[in-house]
file upload.txt (compact mmCIF, C-alpha atoms)
# COMPACT_ATOMS: atom_id res chain seq x y z
CA MET A 21 -23.10 59.30 -6.75
CA SER A 22 -25.62 59.53 -3.99
CA ARG A 23 -24.53 56.42 -2.18
CA ARG A 24 -21.17 54.82 -1.65
CA ASP A 25 -20.98 51.33 -0.38
CA ALA A 26 -17.87 49.77 1.10
CA ASP A 27 -18.41 46.73 -1.11
CA TYR A 28 -18.03 48.82 -4.26
CA ASP A 29 -14.30 49.08 -3.78
CA GLY A 30 -13.37 47.17 -6.91
CA MET A 31 -12.01 44.30 -4.85
CA PRO A 32 -13.49 40.81 -4.99
CA GLY A 33 -15.25 40.07 -1.71
CA HIS A 34 -15.85 36.94 0.32
CA ASP A 35 -17.68 35.74 3.40
CA ASP A 36 -15.91 35.12 6.71
CA GLN A 37 -15.54 31.43 5.98
CA TYR A 38 -14.07 31.96 2.48
CA LYS A 39 -16.84 29.79 1.05
CA THR A 40 -18.69 32.37 -1.07
CA PHE A 41 -16.96 34.90 -3.27
CA TRP A 42 -18.41 37.85 -5.11
CA ILE A 43 -17.80 40.85 -7.26
CA ARG A 44 -19.97 43.93 -7.02
CA THR A 45 -19.61 46.57 -9.62
CA VAL A 46 -21.69 49.06 -11.56
CA ALA A 47 -22.55 49.47 -15.22
CA SER A 48 -23.93 52.68 -16.67
CA GLY A 49 -26.83 52.88 -19.08
CA ALA A 50 -27.59 55.42 -21.80
CA PRO A 51 -27.93 59.09 -20.82
CA GLY A 52 -31.29 60.07 -19.43
CA ALA A 53 -33.76 62.19 -21.37
CA GLY A 54 -32.99 65.35 -19.39
CA ASP A 55 -29.43 65.93 -18.26
CA PRO A 56 -26.93 64.00 -20.44
CA ALA A 57 -24.58 63.83 -17.45
CA VAL A 58 -27.14 61.73 -15.64
CA ARG A 59 -26.92 58.07 -16.54
CA PRO A 60 -28.77 55.26 -14.87
CA LEU A 61 -26.37 52.95 -13.09
CA TYR A 62 -26.96 49.27 -12.62
CA GLU A 63 -25.56 47.15 -9.87
CA VAL A 64 -23.87 44.07 -11.26
CA VAL A 65 -23.26 41.22 -8.88
CA TYR A 66 -21.45 37.99 -9.57
CA ASP A 67 -21.11 35.38 -6.88
CA THR A 68 -19.89 31.84 -6.68
CA LYS A 69 -19.40 29.10 -4.15
CA SER A 70 -16.57 27.59 -6.21
CA GLN A 71 -13.14 27.34 -4.65
CA VAL A 72 -11.68 30.21 -6.61
CA LEU A 73 -8.46 32.11 -6.05
CA PRO A 74 -8.17 35.92 -6.07
CA ARG A 75 -6.60 35.94 -9.54
CA GLN A 76 -9.45 33.80 -10.89
CA MET A 77 -11.98 36.27 -9.53
CA GLU A 78 -10.03 39.11 -11.11
CA GLU A 79 -10.18 37.31 -14.46
CA ILE A 80 -13.93 36.95 -14.04
CA GLN A 81 -14.18 40.63 -13.12
CA ALA A 82 -12.33 41.59 -16.32
CA LYS A 83 -14.66 39.41 -18.39
CA LEU A 84 -17.60 40.93 -16.59
CA ALA A 85 -16.49 44.43 -17.55
CA LYS A 86 -15.94 43.43 -21.18
CA GLY A 87 -18.94 41.20 -21.64
CA LEU A 88 -21.73 43.17 -20.04
CA ARG A 89 -24.05 45.16 -22.31
CA VAL A 90 -26.81 47.37 -21.01
CA THR A 91 -29.45 47.26 -23.73
CA GLU A 92 -32.19 49.13 -22.02
CA MET B 29 -14.35 27.56 -16.21
CA THR B 30 -16.08 25.72 -13.35
CA ALA B 31 -16.42 28.89 -11.38
CA MET B 32 -18.25 30.55 -14.26
CA SER B 33 -20.66 27.67 -14.77
CA ARG B 34 -21.69 27.73 -11.14
CA ALA B 35 -22.01 31.46 -11.12
CA ALA B 36 -25.13 33.31 -10.30
CA TRP B 37 -25.58 36.47 -12.29
CA ILE B 38 -27.73 39.21 -10.94
CA VAL B 39 -28.26 42.53 -12.60
CA THR B 40 -30.34 44.86 -10.50
CA ALA B 41 -31.49 48.27 -11.61
CA LEU B 42 -30.69 50.82 -8.97
CA SER B 43 -31.83 54.35 -8.50
CA THR B 44 -30.39 56.87 -10.92
CA TRP B 45 -27.04 58.03 -9.76
CA ILE B 46 -25.02 60.95 -10.90
CA THR B 47 -21.58 59.64 -11.65
CA ALA B 48 -19.75 62.94 -11.33
CA GLY B 49 -19.02 64.72 -8.10
CA ALA B 50 -18.47 61.80 -5.79
CA ALA B 51 -15.52 62.67 -3.59
CA PRO B 52 -13.23 59.68 -3.16
CA GLU B 53 -13.15 58.45 0.38
CA PRO B 54 -9.76 57.92 1.96
CA ALA B 55 -8.64 54.32 1.82
CA PRO B 56 -9.30 52.63 5.14
CA THR B 57 -6.27 51.62 7.11
CA PRO B 58 -5.90 47.86 6.81
CA PRO B 59 -6.48 46.19 10.13
CA ILE B 60 -3.60 44.68 12.00
CA GLN B 61 -4.06 40.98 11.73
CA ASN B 62 -3.37 38.48 14.42
CA VAL B 63 -1.22 36.21 12.38
CA THR B 64 0.50 33.26 13.91
CA VAL B 65 3.69 32.59 12.08
CA VAL B 66 5.63 29.41 12.55
CA ALA B 67 9.24 30.46 12.92
CA HIS B 68 10.52 27.09 11.81
CA PRO B 69 8.26 25.27 9.36
CA ALA B 70 7.17 21.92 10.73
CA PRO B 71 7.70 18.91 8.45
CA LEU B 72 4.45 18.19 6.68
CA GLN B 73 3.17 14.80 5.59
CA VAL B 74 -0.12 14.42 3.74
CA THR B 75 -1.50 10.98 4.60
CA SER B 76 -5.19 11.17 3.70
CA LEU B 77 -7.41 12.64 1.03
CA GLN B 78 -9.16 14.74 3.68
CA GLN B 79 -5.82 16.14 4.79
CA LEU B 80 -4.99 17.09 1.21
CA ASP B 81 -8.37 18.80 0.82
CA ASP B 82 -7.89 20.68 4.10
CA ALA B 83 -4.40 21.75 3.04
CA LEU B 84 -5.65 23.03 -0.33
CA ASP B 85 -8.50 24.81 1.40
CA GLY B 86 -6.01 26.42 3.80
CA LEU B 87 -3.80 27.55 0.93
CA ARG B 88 -6.72 29.16 -0.91
CA ARG B 89 -7.74 30.85 2.33
CA THR B 90 -4.20 32.22 2.78
CA SER B 91 -4.31 33.65 -0.75
CA TRP B 92 -7.59 35.42 0.00
CA GLN B 93 -6.45 36.66 3.39
CA LEU B 94 -3.36 38.21 1.87
CA ALA B 95 -5.20 39.73 -1.07
CA SER B 96 -8.09 41.17 0.91
CA ASN B 97 -6.63 41.99 4.35
CA PHE B 98 -3.55 43.74 3.03
CA GLY B 99 -5.06 44.65 -0.37
CA THR B 100 -4.23 48.35 -0.59
CA LEU B 101 -0.69 48.18 0.76
CA ARG B 102 2.45 48.74 -1.28
CA ASP B 103 5.95 47.73 -0.25
CA ALA B 104 9.36 49.27 -1.00
CA ARG B 105 9.25 47.60 -4.43
CA GLY B 106 5.92 49.29 -5.18
CA ARG B 107 4.19 45.91 -5.31
CA THR B 108 0.86 44.88 -3.80
CA PRO B 109 0.07 41.69 -1.84
CA GLY B 110 -2.21 40.64 -4.70
CA GLN B 111 0.68 40.75 -7.15
CA ASP B 112 2.82 38.61 -4.85
CA VAL B 113 -0.02 36.14 -4.34
CA ASP B 114 -0.47 35.86 -8.11
CA GLN B 115 3.25 35.37 -8.65
CA TRP B 116 3.97 32.88 -5.90
CA LEU B 117 0.94 31.17 -4.42
CA LEU B 118 -0.94 28.38 -6.15
CA THR B 119 0.32 29.42 -9.56
CA PRO B 120 -1.62 27.87 -12.47
CA ALA B 121 1.11 25.20 -12.92
CA HIS B 122 1.20 24.32 -9.22
CA LEU B 123 -2.57 24.33 -8.90
CA GLU B 124 -2.93 22.08 -11.93
CA ALA B 125 -0.37 19.63 -10.52
CA LEU B 126 -2.08 19.55 -7.13
CA GLU B 127 -5.55 19.12 -8.63
CA ARG B 128 -4.24 16.30 -10.87
CA LEU B 129 -2.69 14.53 -7.87
CA ARG B 130 -5.89 15.06 -5.90
CA ALA B 131 -7.94 13.49 -8.70
CA THR B 132 -5.51 10.55 -8.92
CA ALA B 133 -5.61 10.05 -5.15
CA ALA B 134 -9.43 10.19 -5.13
CA ALA B 135 -9.67 7.63 -7.97
CA ARG B 136 -7.27 5.26 -6.23
CA SER B 137 -9.07 5.68 -2.92
CA ALA B 138 -12.38 4.82 -4.61
CA LYS B 139 -10.84 1.60 -5.99
CA GLY B 140 -9.46 0.71 -2.55
CA ASP B 141 -5.92 1.01 -3.91
CA GLN B 142 -4.28 2.08 -0.64
CA ARG B 143 -0.71 1.86 -1.94
CA GLY B 144 -1.54 3.93 -5.01
CA LEU B 145 -3.34 6.47 -2.82
CA MET B 146 -0.29 6.87 -0.59
CA LEU B 147 1.97 7.29 -3.63
CA ALA B 148 -0.18 10.12 -4.98
CA LEU B 149 -0.39 11.77 -1.56
CA GLY B 150 3.36 11.36 -1.12
CA GLU B 151 3.88 13.13 -4.44
CA ALA B 152 1.56 15.96 -3.34
CA THR B 153 3.29 16.42 0.04
CA PRO B 154 6.32 18.47 -1.11
CA LEU B 155 4.13 20.69 -3.28
CA VAL B 156 1.77 21.37 -0.38
CA ALA B 157 4.72 21.93 1.98
CA GLN B 158 6.30 24.44 -0.40
CA GLU B 159 3.02 26.31 -0.85
CA THR B 160 2.43 26.36 2.92
CA TYR B 161 5.89 27.76 3.50
CA MET B 162 5.43 30.44 0.84
CA GLY B 163 2.01 31.40 2.22
CA GLY B 164 3.48 31.78 5.72
CA ALA B 165 6.45 33.78 4.46
CA LEU B 166 4.26 36.12 2.40
CA THR B 167 1.92 36.60 5.37
CA MET B 168 4.90 37.56 7.52
CA TYR B 169 6.20 39.88 4.83
CA TRP B 170 2.89 41.72 4.28
CA ARG B 171 2.04 41.86 7.95
CA MET B 172 5.35 43.68 8.33
CA TRP B 173 4.32 46.23 5.67
CA ASN B 174 0.96 46.61 7.35
CA LEU B 175 2.80 47.59 10.53
CA VAL B 176 5.08 49.91 8.57
CA GLN B 177 1.98 51.71 7.32
CA GLN B 178 0.51 52.02 10.83
CA HIS B 179 3.77 53.41 12.19
CA GLY B 180 4.20 55.70 9.18
CA LEU B 181 0.78 57.30 9.71
CA LEU B 182 1.62 58.09 13.31
CA ILE B 183 5.03 59.53 12.39
CA SER B 184 3.47 61.72 9.68
CA ALA B 185 0.94 63.09 12.17
CA ILE B 186 3.72 64.03 14.61
CA VAL B 187 6.00 65.52 11.97
CA GLY B 188 3.09 67.60 10.66
CA ARG B 189 2.90 69.37 14.02
CA ILE B 190 6.62 70.28 14.18
CA SER B 191 7.46 73.76 12.96
CA PRO B 192 9.26 74.02 10.61
CA PRO B 193 8.50 70.47 9.49
CA PRO B 194 11.70 68.41 9.47
CA ALA B 195 12.69 66.46 6.38
CA VAL B 196 11.57 62.92 7.10
CA THR B 197 14.40 60.69 6.05
CA ASP B 198 15.59 57.61 7.79
CA THR B 199 18.54 56.01 6.09
CA SER B 200 18.48 52.92 8.24
CA PHE B 201 14.77 52.34 7.56
CA ASP B 202 15.23 52.87 3.80
CA MET B 203 18.15 50.46 3.69
CA ILE B 204 16.37 47.71 5.60
CA ALA B 205 13.12 48.17 3.65
CA SER B 206 14.91 48.02 0.33
CA ARG B 207 16.97 44.98 1.36
CA VAL B 208 13.97 43.03 2.65
CA GLY B 209 11.98 43.82 -0.50
CA GLN B 210 14.76 42.93 -2.90
CA ASP B 211 15.49 39.65 -1.17
CA LEU B 212 11.90 38.42 -1.02
CA PRO B 213 12.39 36.29 -4.18
CA LYS B 214 15.23 34.47 -2.37
CA VAL B 215 12.91 33.81 0.57
CA MET B 216 10.26 32.43 -1.76
CA ALA B 217 12.77 30.26 -3.61
CA ALA B 218 13.98 28.39 -0.50
CA GLU B 219 13.06 24.73 -0.84
CA SER B 220 14.77 22.61 1.82
CA PRO B 221 13.47 22.86 5.41
CA GLY B 222 16.90 24.11 6.51
CA GLU B 223 16.94 26.87 3.90
CA GLN B 224 13.36 27.80 4.73
CA SER B 225 14.12 28.07 8.46
CA THR B 226 17.06 30.36 7.68
CA MET B 227 14.90 32.54 5.44
CA ILE B 228 12.08 32.80 8.00
CA GLU B 229 14.65 33.79 10.62
CA TRP B 230 16.04 36.35 8.20
CA LEU B 231 12.57 37.73 7.50
CA ASN B 232 11.89 37.94 11.24
CA ASN B 233 15.10 39.88 11.77
CA GLY B 234 14.21 42.26 8.94
CA HIS B 235 10.80 42.77 10.54
CA HIS B 236 12.30 43.56 13.94
CA ASP B 237 14.91 45.90 12.42
CA LEU B 238 12.26 47.81 10.45
CA VAL B 239 9.88 48.19 13.38
CA HIS B 240 12.77 49.19 15.62
CA ALA B 241 13.84 51.90 13.15
CA LEU B 242 10.26 53.20 12.99
CA ASN B 243 9.85 53.26 16.77
CA GLU B 244 13.16 55.11 17.12
CA ALA B 245 12.20 57.65 14.47
CA ARG B 246 8.75 58.26 15.99
CA GLN B 247 10.23 58.67 19.47
CA ARG B 248 12.79 61.15 18.13
CA TYR B 249 10.14 63.31 16.44
CA ALA B 250 7.81 63.07 19.46
CA ARG B 251 10.59 64.31 21.72
CA GLN B 252 11.29 67.15 19.28
CA LEU B 253 7.60 68.10 19.32
CA SER B 254 7.42 68.00 23.13
CA GLU B 255 10.50 70.24 23.34
CA GLN B 256 8.97 72.66 20.84
CA GLN B 257 5.74 72.82 22.85
CA ARG B 258 7.67 73.56 26.04
CA ARG B 259 9.69 76.27 24.27
CA GLN B 260 6.45 77.83 23.07
CA GLY B 261 5.17 77.82 26.64
CA GLN B 262 2.38 75.34 25.94
CA GLU B 263 1.21 73.91 29.23
CA ALA B 264 1.07 70.14 29.43
CA VAL B 265 -2.28 68.70 30.51
CA VAL B 266 -2.08 68.02 34.23
CA TYR B 267 -3.96 64.97 35.49
CA PRO B 268 -4.95 65.20 39.16
CA ARG B 269 -4.88 62.07 41.27
CA ASP B 270 -8.03 60.04 40.54
CA THR B 271 -8.13 57.87 43.67
CA PRO B 272 -7.72 58.62 47.39
CA CYS B 273 -4.15 58.90 48.59
CA PRO B 274 -2.69 55.62 49.82
CA ASP B 275 -1.27 55.26 53.29
CA PRO B 276 2.15 56.89 53.47
CA VAL B 277 5.00 54.57 52.58
CA PRO B 278 7.45 54.44 55.50
CA LEU B 279 10.75 56.01 54.63
CA ALA B 280 13.11 53.12 54.35
CA ALA B 281 16.64 52.75 53.20
CA GLY B 282 17.11 51.69 49.60
CA VAL B 283 15.07 52.53 46.54
CA THR B 284 13.55 50.02 44.20
CA THR B 285 12.87 51.11 40.70
CA PRO B 286 10.26 48.99 38.97
CA ALA B 287 11.29 47.32 35.72
CA GLY B 288 10.52 49.62 32.82
CA ALA B 289 10.15 52.75 34.93
CA SER B 290 13.25 54.63 35.91
CA ALA B 291 14.04 57.92 37.50
CA ALA B 292 15.14 60.22 34.71
CA THR B 293 18.87 60.23 34.32
CA PRO B 294 20.59 63.59 34.54
CA SER B 295 19.44 65.19 31.36
CA ALA B 296 17.72 68.25 30.03
CA ALA B 297 14.49 66.80 31.40
CA SER B 298 15.62 66.28 34.97
CA ALA B 299 17.65 69.46 35.01
CA THR B 300 14.56 71.44 34.05
CA ALA B 301 12.60 69.67 36.75
CA ALA B 302 15.21 70.58 39.33
CA THR B 303 15.10 74.19 38.23
CA ALA B 304 11.34 74.29 38.27
CA THR B 305 11.14 73.00 41.80
CA ALA B 306 14.00 75.21 43.01
CA PHE B 307 16.17 72.42 44.40
CA THR B 308 18.86 74.66 45.79
CA THR B 309 20.36 72.73 48.64
CA THR B 310 22.65 69.78 48.35
CA THR B 311 20.74 67.88 51.04
CA ARG B 312 17.52 67.81 49.03
CA ARG B 313 16.40 64.53 47.45
CA PRO B 314 13.58 64.36 44.93
CA PRO B 315 10.68 61.91 45.39
CA ARG B 316 11.58 58.27 44.67
CA PHE B 317 9.63 55.17 43.81
CA ALA B 318 8.55 53.05 46.75
CA GLU B 319 9.38 49.37 46.81
CA ASN B 320 7.18 46.75 45.12
CA ASN B 321 5.62 48.95 42.49
CA GLN B 322 3.86 47.05 39.73
CA ALA B 323 5.80 46.86 36.47
CA PRO B 324 4.39 49.14 33.72
CA ASP B 325 4.23 46.06 31.48
CA SER B 326 0.79 45.17 32.85
CA PHE B 327 -0.46 48.55 31.54
CA TYR B 328 0.83 47.94 27.99
CA PRO B 329 -2.25 48.33 25.76
CA ASP B 330 -2.99 45.21 23.69
CA SER B 331 -3.51 47.22 20.52
CA SER B 332 -0.07 48.83 20.96
CA ARG B 333 1.44 45.39 21.49
CA ARG B 334 -0.19 44.15 18.29
CA ALA B 335 1.02 47.20 16.37
CA GLU B 336 4.45 46.73 17.97
CA PHE B 337 4.54 50.29 19.24
CA GLU B 338 7.36 50.75 21.73
CA GLY B 339 8.34 53.96 23.43
CA SER B 340 9.39 55.93 26.46
CA VAL B 341 7.18 58.46 28.17
CA THR B 342 8.76 61.04 30.46
CA VAL B 343 6.29 61.84 33.21
CA ARG B 344 6.44 64.68 35.67
CA ALA B 345 4.79 63.91 39.00
CA TRP B 346 4.04 66.11 41.97
CA VAL B 347 4.43 64.11 45.20
CA SER B 348 3.29 65.39 48.60
CA ALA B 349 5.30 65.20 51.79
CA THR B 350 3.21 62.14 52.70
CA GLY B 351 4.34 60.35 49.52
CA CYS B 352 1.03 60.81 47.72
CA MET B 353 1.23 61.51 44.00
CA GLN B 354 -1.04 64.55 43.71
CA GLN B 355 -0.91 65.16 39.98
CA ALA B 356 1.09 64.23 36.92
CA ALA B 357 1.69 65.39 33.37
CA ILE B 358 3.37 64.10 30.25
CA TYR B 359 6.70 65.89 30.08
CA SER B 360 7.86 64.19 26.89
CA SER B 361 5.55 62.06 24.78
CA SER B 362 6.28 58.65 23.31
CA GLY B 363 4.43 59.75 20.19
CA VAL B 364 1.80 57.05 20.78
CA PRO B 365 -1.21 58.52 22.62
CA GLU B 366 -2.14 55.08 23.96
CA LEU B 367 1.30 54.58 25.51
CA ASP B 368 1.19 58.07 27.02
CA ASP B 369 -2.20 57.22 28.57
CA ALA B 370 -0.84 53.92 29.85
CA ALA B 371 2.11 55.71 31.46
CA MET B 372 -0.31 58.08 33.14
CA ARG B 373 -2.45 55.19 34.40
CA TRP B 374 0.66 53.51 35.75
CA THR B 375 1.67 56.75 37.50
CA GLN B 376 -1.79 57.04 39.10
CA GLN B 377 -1.26 53.81 41.02
CA ALA B 378 2.49 54.08 41.62
CA ARG B 379 3.74 54.44 45.20
CA PHE B 380 6.36 57.02 46.08
CA HIS B 381 8.63 58.08 48.87
CA PRO B 382 8.40 61.85 49.32
CA ALA B 383 11.15 64.29 48.54
CA GLU B 384 13.42 65.01 51.48
CA GLU B 385 15.08 68.16 52.65
CA ASP B 386 17.55 67.89 55.48
CA HIS B 387 16.15 64.38 56.11
CA SER B 388 12.58 65.63 56.49
CA PRO B 389 9.80 64.79 54.02
CA VAL B 390 8.67 67.71 51.87
CA ASP B 391 6.52 68.24 48.78
CA GLY B 392 8.49 67.68 45.61
CA THR B 393 8.44 67.07 41.91
CA THR B 394 10.15 64.36 39.94
CA ASN B 395 10.55 63.39 36.33
CA PHE B 396 10.82 59.74 35.41
CA ILE B 397 10.65 57.58 32.34
CA VAL B 398 8.05 54.89 31.81
CA LYS B 399 9.29 52.56 29.12
CA PHE B 400 7.15 50.22 27.03
CA GLN B 401 9.30 47.71 25.25
CA LEU B 402 8.29 44.42 23.65
CA ARG B 403 11.74 42.92 23.29
CA GLN B 404 15.09 43.53 24.92
call {"tool": "encode", "arguments": {"input": "upload.txt", "output": "structure tokens"}}
result
Amino acid sequence: MSRRDADYDGMPGHDDQYKTFWIRTVASGAPGAGDPAVRPLYEVVYDTKSQVLPRQMEEIQAKLAKGLRVTE
Amino acid sequence: MTAMSRAAWIVTALSTWITAGAAPEPAPTPPIQNVTVVAHPAPLQVTSLQQLDDALDGLRRTSWQLASNFGTLRDARGRTPGQDVDQWLLTPAHLEALERLRATAAARSAKGDQRGLMLALGEATPLVAQETYMGGALTMYWRMWNLVQQHGLLISAIVGRISPPPAVTDTSFDMIASRVGQDLPKVMAAESPGEQSTMIEWLNNGHHDLVHALNEARQRYARQLSEQQRRQGQEAVVYPRDTPCPDPVPLAAGVTTPAGASAATPSAASATAATATAFTTTTRRPPRFAENNQAPDSFYPDSSRRAEFEGSVTVRAWVSATGCMQQAAIYSSSGVPELDDAAMRWTQQARFHPAEEDHSPVDGTTNFIVKFQLRQ
């Protein structure tokens, strides 16, 4: 990975006021035409202003992992 | 789920990344939080809808603070703060009950039914009080483990420099840590204000005992390392005086030792000092502190206070015949670089009476202990 971002730590994030919550994760696409080890990665962001709890965000994160399909 | 319906989904294509070969970065040390903990929970009474909303908002905030500030920690039970939050705070059943009471209170308020509103708020009060107590107790508990981690990192760094490395075992720490962890469910189960006060007190005591055991262990290893360095002939860094010499302190009867700083008691440290300075006559007196020295407490670094680092630094000081501290060195470290620095800064401004030989002032060396202690 050429870049690592502190927000990609697998933990749900939030703003300082605990008003906005988000999940940042990555999804990989199909192998590229050249090197099969090289896969395009997509940044997946979910955010909400709902009054959610950590466990609710974790549930959303699990659904996100299961439900996301990269069709390209 | 409401949260899902309000969600904004963004999928952004990024540059092509190679998934393999990324070295994991070390987990950052969780920051020490300034957490105010109420030792004895105040009685809580929810008397308005706004107050209920604020209380619920505060409880959600506590859940997030615990989960994200202390997220990577593990306690003696091997559990994470997130697991405890999920188990104890705003559980689905509690949250549902509180949201139902909130809806009832809002409906009654809209109808102008003041009595009905107060009944619903009165029903919510014990639930909110219990959640507030549990949030405070869990914050105390995980703040303690955050400190344990900070202390542990420092101890590991010291032990890693001792040759051969000693086996790091601390029975008293293990016993306290295991006891506090095992009894957390009892703390969380306390319901009456009296029981809750007792449990908070108990948790506080456990915290102090654990931190005390860690400070003792670190100090022990630091002393061992300092002794090893002296045996190996490693020269301590000598800090020359960084300000002009003060006016000589008149030699007066009586010696005042500032609180926290004391002339080293007869020990290996002072004996070595005596040998090094060739104190051969019985009429020789080493340098002493002058009266009215500032207490070292005002040099206690805030970050060390927050991390609850305590320790003793043995300092060796060279004092001229005019009572001017010419240079000083750390003879035995506290194991906390910040406290060692603070002891050195204190020494730089300390006033001394010179050593005496046959009642005449002479150059001399003295070892003394500068102690940083948060509680007696």
call {"tool": "atom_distance", "arguments": {"input": "upload.txt", "atom1": "atom CA of A:Lys86", "atom2": "atom CA of A:Gly49"}}
result
14.6 Å
call {"tool": "atom_distance", "arguments": {"input": "upload.txt", "atom1": "atom CA of B:Ala378", "atom2": "atom CA of B:Arg248"}}
result
26.6 Å
call {"tool": "closest_residue", "arguments": {"input": "upload.txt", "among": "B:Gln376, B:Leu77, B:Val113, B:Gln260", "to": "chain A", "atoms": "only C-alpha atoms"}}
result
B:Val113
call {"tool": "interface_residues", "arguments": {"input": "upload.txt", "of": "chain A", "to": "chain B", "cutoff": "7 Å", "atoms": "only C-alpha atoms", "output": "number ranges by chain"}}
result
A: 21-22, 38, 58-68, 70, 72-75
call {"tool": "atom_distance", "arguments": {"input": "upload.txt", "atom1": "atom CA of B:Tyr267", "atom2": "atom CA of B:Ala356"}}
result
5.3 Å
call {"tool": "closest_residue", "arguments": {"input": "upload.txt", "among": "A:Ala50, A:Gly33, A:Lys69, A:Ala57", "to": "A:Gln81", "atoms": "only C-alpha atoms"}}
result
A:Gly33
call {"tool": "axis_aligned_box", "arguments": {"input": "upload.txt", "around": "stretch 63-68 of chain A", "padding_each_side": "8 Å", "output": "lines of an AutoDock Vina configuration file"}}
result
center_x = -22.7
center_y = 39.5
center_z = -9.0
size_x = 21.7
size_y = 31.3
size_z = 20.6
call {"tool": "closest_residue", "arguments": {"input": "upload.txt", "among": "A:Met77, A:Ala82, A:Pro56, A:Thr91", "to": "A:Trp42", "atoms": "all atoms listed in the file"}}
result
A:Met77
call {"tool": "residues_around", "arguments": {"input": "upload.txt", "residues": "B:Leu253", "least_positions_apart": "3", "cutoff": "9 Å", "atoms": "only C-alpha atoms", "output": "MDAnalysis selection string"}}
result
chainID B and resid 186:187 189:191 248:250 256:258 360:361 363
call {"tool": "residues_around", "arguments": {"input": "upload.txt", "residues": "B:Ala345", "least_positions_apart": "6", "cutoff": "9 Å", "atoms": "only C-alpha atoms", "output": "ChimeraX atom specification"}}
result
/B:315,353-358,375,392-396
call {"tool": "residues_around", "arguments": {"input": "upload.txt", "residues": "B:His236", "least_positions_apart": "4", "cutoff": "10 Å", "atoms": "all atoms listed in the file", "output": "list in words"}}
result
Met172, Trp230, Leu231, Asn232, His240, Ala241, Leu242, Glu336 and Arg403 of chain B
call {"tool": "write_last_selection", "arguments": {"input": "upload.txt", "atoms": "C-alpha atoms", "output": "short mmCIF file (atom, residue, chain, number, x, y, z; two decimals), in the coordinates of the input"}}
result
data_model
loop_
_atom_site.label_atom_id
_atom_site.label_comp_id
_atom_site.auth_asym_id
_atom_site.auth_seq_id
_atom_site.Cartn_x
_atom_site.Cartn_y
_atom_site.Cartn_z
CA MET B 172 5.35 43.68 8.33
CA TRP B 230 16.04 36.35 8.20
CA LEU B 231 12.57 37.73 7.50
CA ASN B 232 11.89 37.94 11.24
CA HIS B 240 12.77 49.19 15.62
CA ALA B 241 13.84 51.90 13.15
CA LEU B 242 10.26 53.20 12.99
CA GLU B 336 4.45 46.73 17.97
CA ARG B 403 11.74 42.92 23.29
#
call {"tool": "residues_around", "arguments": {"input": "upload.txt", "residues": "B:Ala383", "least_positions_apart": "5", "cutoff": "10 Å", "atoms": "all atoms listed in the file", "output": "list in words"}}
result
Arg312, Arg313, Pro314, Pro315, Arg316, Trp346, Val347, Ser348, Ala349, Thr350, Gly351, Ser388, Pro389, Val390, Asp391, Gly392, Thr393 and Thr394 of chain B
call {"tool": "build_atoms", "arguments": {"input": "upload.txt", "residues": "stretch 178-188 of chain B", "atoms": "N, CA and C atoms", "output": "PDB file, in the frame of the given file"}}
result
ATOM      1  N   GLN B 178       1.071  51.498   9.574  1.00  0.00           N
ATOM      2  CA  GLN B 178       0.510  52.020  10.830  1.00  0.00           C
ATOM      3  C   GLN B 178       1.490  52.980  11.497  1.00  0.00           C
ATOM      4  N   HIS B 179       2.751  52.571  11.563  1.00  0.00           N
ATOM      5  CA  HIS B 179       3.770  53.410  12.190  1.00  0.00           C
ATOM      6  C   HIS B 179       3.966  54.697  11.380  1.00  0.00           C
ATOM      7  N   GLY B 180       3.972  54.555  10.063  1.00  0.00           N
ATOM      8  CA  GLY B 180       4.200  55.700   9.180  1.00  0.00           C
ATOM      9  C   GLY B 180       3.128  56.773   9.368  1.00  0.00           C
ATOM     10  N   LEU B 181       1.875  56.338   9.530  1.00  0.00           N
ATOM     11  CA  LEU B 181       0.780  57.300   9.710  1.00  0.00           C
ATOM     12  C   LEU B 181       0.977  58.111  10.986  1.00  0.00           C
ATOM     13  N   LEU B 182       1.411  57.425  12.030  1.00  0.00           N
ATOM     14  CA  LEU B 182       1.620  58.090  13.310  1.00  0.00           C
ATOM     15  C   LEU B 182       2.789  59.085  13.204  1.00  0.00           C
ATOM     16  N   ILE B 183       3.866  58.648  12.559  1.00  0.00           N
ATOM     17  CA  ILE B 183       5.030  59.530  12.390  1.00  0.00           C
ATOM     18  C   ILE B 183       4.635  60.776  11.592  1.00  0.00           C
ATOM     19  N   SER B 184       3.881  60.576  10.514  1.00  0.00           N
ATOM     20  CA  SER B 184       3.470  61.720   9.680  1.00  0.00           C
ATOM     21  C   SER B 184       2.659  62.715  10.510  1.00  0.00           C
ATOM     22  N   ALA B 185       1.783  62.195  11.357  1.00  0.00           N
ATOM     23  CA  ALA B 185       0.940  63.090  12.170  1.00  0.00           C
ATOM     24  C   ALA B 185       1.805  63.916  13.122  1.00  0.00           C
ATOM     25  N   ILE B 186       2.844  63.304  13.680  1.00  0.00           N
ATOM     26  CA  ILE B 186       3.720  64.030  14.610  1.00  0.00           C
ATOM     27  C   ILE B 186       4.540  65.066  13.858  1.00  0.00           C
ATOM     28  N   VAL B 187       5.144  64.636  12.759  1.00  0.00           N
ATOM     29  CA  VAL B 187       6.000  65.520  11.970  1.00  0.00           C
ATOM     30  C   VAL B 187       5.211  66.736  11.485  1.00  0.00           C
ATOM     31  N   GLY B 188       3.942  66.518  11.136  1.00  0.00           N
ATOM     32  CA  GLY B 188       3.090  67.600  10.660  1.00  0.00           C
ATOM     33  C   GLY B 188       2.865  68.693  11.694  1.00  0.00           C
TER      34      GLY B 188
END
